[in-house]
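Following: one structure in structure tokens, then a few remarks.
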Amino acid sequence: MQHVITVPPVDFQTNGHRAWPLLDAVPAQPKPVPAPKGPVPARFEQAPLDAGVKLIYRKAADRVRVAYDPEQIDALNARFLTNIYVDFTEGAQIDGLCNLARNTDKNSREMYAIMLSEVDRTGDAPAVIERITELLCKAHAEAQTPCPRYGWCIETGQHVEHTGESVEPDFLEVDRGEVLAATITHWGKGIRVGFLDEDLTPADARTRLAELRAHLDAVEQLIATAEASE
Ligand SMILES: [Zn+2]
């Protein structure tokens with residue numbers, strides 16, 4: 001028995017302002033015969049199909065085969081769509097990926113769709129998952145690499161903007177402490193010292209610091225005057 005699911009184009013103009021998610025746009029279908037037992041093993045394959053035919057599935061008692069057109073529907077949505085009609089399983093690993101994809105944001109979902117597409121294209125799920133795990137571990141290890149250029153830089157992994165740890169006076173309230181906080185950066189225009197709300201060259205920073213010291217001397221003088229008046 002072969003089922004063909006035809007999804008007509010959605011007219012967003014006449015259907016109100018809400019963009020319908022894909023699955024809402026699937027018209028009512030004849031109810032499938034309920035499966036007597038648990039999920040059946042499924043196999044997904046990619047194939048060019050006629051325009052408007054996103055996927056075709058062929059269901060036997062003990063398994064289901066799905067052919068979908070990657071030009072019209074991605075590997076993840078092919079599974080979500082099939083899941084409306086058939087309770088299926090692809091083994092713990094792939095089922096786990098689909099469940100993760102179901103409960104994540106749009107960008108991550110695209111990543112899962114690419115992974116699943118690769119599984120369908122090669123037909124070798126363990127190899128694809130192993131390769132992806134390798135790449136993720138490598139990316140994770142690279143992300144932990146300390147800055148190769150400056151010892152004071154707290155950025156890790158690939159970066160072009162170098163930032164040092166901020167030095168803040170801890171005897172002032174947080175928002176006042178920020179005024180006197182200092183940090184060292186290199187964001188493409190040479191080494192700068194962030195101090196007194198400015199990004200200063202080291203030479204300029206020394207000048208400002210001297211001014212600040214002179215100011216503190218003046219404050220000390222003021223204190224001495226106050227003490228002498230007690
Ligand atoms: Zn750096």
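Each chain in the structure tokens gets a letter, A, B, ..., in the order shown, and its residues are numbered from 1; ligands are numbered from 1 in order too.
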Any chance you could tabulate, as CSV, the residues of chain A at most 7 Å from ligand 1 with each one's nearest atom pair and distance in Å to one decimal, using only C-alpha atoms and all ligand atoms, in chain and rising number order?
residue,atom,partner,partner_atom_place_in_ligand_line,distance
A:Cys147,CA,ligand 1,1 (Zn),4.3
A:Pro148,CA,ligand 1,1 (Zn),6.7
A:Arg149,CA,ligand 1,1 (Zn),5.9
A:Tyr150,CA,ligand 1,1 (Zn),5.6
A:Cys153,CA,ligand 1,1 (Zn),4.6
A:Ile154,CA,ligand 1,1 (Zn),6.5
A:Glu155,CA,ligand 1,1 (Zn),5.2
A:Thr156,CA,ligand 1,1 (Zn),6.9
A:His159,CA,ligand 1,1 (Zn),6.4
A:Val160,CA,ligand 1,1 (Zn),6.8
A:Glu161,CA,ligand 1,1 (Zn),6.4
A:His162,CA,ligand 1,1 (Zn),3.9
A:Thr163,CA,ligand 1,1 (Zn),6.4
For the selection you just gave me, I'd like the residues written to a file as a PDB file, in the first residue's frame, keeping C-alpha atoms.
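Saved to selection.pdb:
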ATOM      1  CA  CYS A 147      45.141  32.948  23.478  1.00  0.00           C
ATOM      2  CA  PRO A 148      48.361  32.253  21.540  1.00  0.00           C
ATOM      3  CA  ARG A 149      49.300  35.950  21.314  1.00  0.00           C
ATOM      4  CA  TYR A 150      48.896  37.619  24.716  1.00  0.00           C
ATOM      5  CA  CYS A 153      44.114  37.794  27.185  1.00  0.00           C
ATOM      6  CA  ILE A 154      41.219  35.834  28.701  1.00  0.00           C
ATOM      7  CA  GLU A 155      39.648  34.910  25.340  1.00  0.00           C
ATOM      8  CA  THR A 156      40.009  31.299  24.211  1.00  0.00           C
ATOM      9  CA  HIS A 159      39.475  35.209  18.250  1.00  0.00           C
ATOM     10  CA  VAL A 160      40.698  38.499  16.823  1.00  0.00           C
ATOM     11  CA  GLU A 161      39.680  40.822  19.672  1.00  0.00           C
ATOM     12  CA  HIS A 162      41.853  40.362  22.737  1.00  0.00           C
ATOM     13  CA  THR A 163      40.514  41.313  26.140  1.00  0.00           C
TER      14      THR A 163
END
Practice task
as a PyMOL selection string, please: all residues of stretch 9-152 of chain A that backbone DSSP puts in strand (DSSP E or B).
Solution key: chain A and resi 40-46+53-59+64-68+88-89+146
Non-local contacts of A:Arg131 (12 Å; only C-alpha atoms; under 5 positions in same chain excluded) as a PyMOL selection string: chain A and resi 115+118-119+124-126+136-138
I want to know what sits within 12 Å of stretch 203-208 of chain A, based on only C-alpha atoms, with residues of the same chain fewer than 4 positions away left out; could you give that as number ranges by chain? A: 180, 182-184, 191-199, 212-215
The residue from A:Ala127, A:Ala67, A:Cys98, A:Ala42 with the smallest atom-to-atom distance to A:Val86, counting only C-alpha atoms, is A:Ala42
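Ranking A:Ala47, A:Ile84, A:Val219, A:Ala92 by their shortest atom-to-atom distance to A:Glu71, with only C-alpha atoms included, puts A:Ala47 first.
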Between atom CA of A:Ser166 and atom CA of A:Ala218 lies a distance of 26.9 Å
Residues near A:Asp74, cut-off 12 Å, only C-alpha atoms, skip fewer than 6 positions along chain, as a CSV table (one decimal) with C-alpha atoms, in the first residue's frame:
chain,number,residue,atom,x,y,z
A,22,LEU,CA,4.5,23.3,8.0
A,44,PHE,CA,14.4,7.0,5.4
A,45,GLU,CA,15.7,7.6,1.9
A,46,GLN,CA,16.2,10.6,-0.3
A,47,ALA,CA,14.7,10.7,-3.8
A,54,LYS,CA,7.2,15.9,-0.2
A,55,LEU,CA,7.3,12.3,0.8
A,67,ALA,CA,11.2,8.3,0.5
A,68,TYR,CA,11.3,12.1,0.8
A,80,PHE,CA,8.0,14.8,12.0
A,81,LEU,CA,5.5,14.5,9.1
A,109,ARG,CA,17.1,22.1,14.6
A,110,GLU,CA,18.7,23.0,11.3
A,111,MET,CA,21.9,21.4,12.5
A,112,TYR,CA,20.0,18.2,13.4
A,113,ALA,CA,18.3,18.3,10.0
A,114,ILE,CA,21.7,18.4,8.3
A,115,MET,CA,23.0,15.4,10.4
A,116,LEU,CA,19.9,13.4,9.6
A,117,SER,CA,20.2,14.2,6.0
A,118,GLU,CA,23.7,12.9,6.0
A,120,ASP,CA,19.9,9.3,5.0
A,121,ARG,CA,22.3,10.1,2.1
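Considering only C-alpha atoms, the residue among A:Ala61, A:Ala224, A:Ala101, A:Val53 positioned nearest to A:Ala75 is A:Ala101.
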**Residue contacts of A:Asp62 (12 Å, only C-alpha atoms) excluding same-chain residues fewer than 4 positions away, as a PyMOL selection string** = chain A and resi 35-43+58+86-89
In chain A, DSSP helix (DSSP H, G or I) residues written as an MDAnalysis selection string:
chainID A and resid 22:25 75:85 92:102 106:122 125:143 174:180 202:228
Closest of A:Glu165, A:Asp217, A:Asp170, A:Asp69 to A:Pro48, counting only C-alpha atoms, is A:Asp69
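Between atom CA of A:Leu172 and atom CA of A:Leu200 the interatomic distance comes to 22.8 Å.
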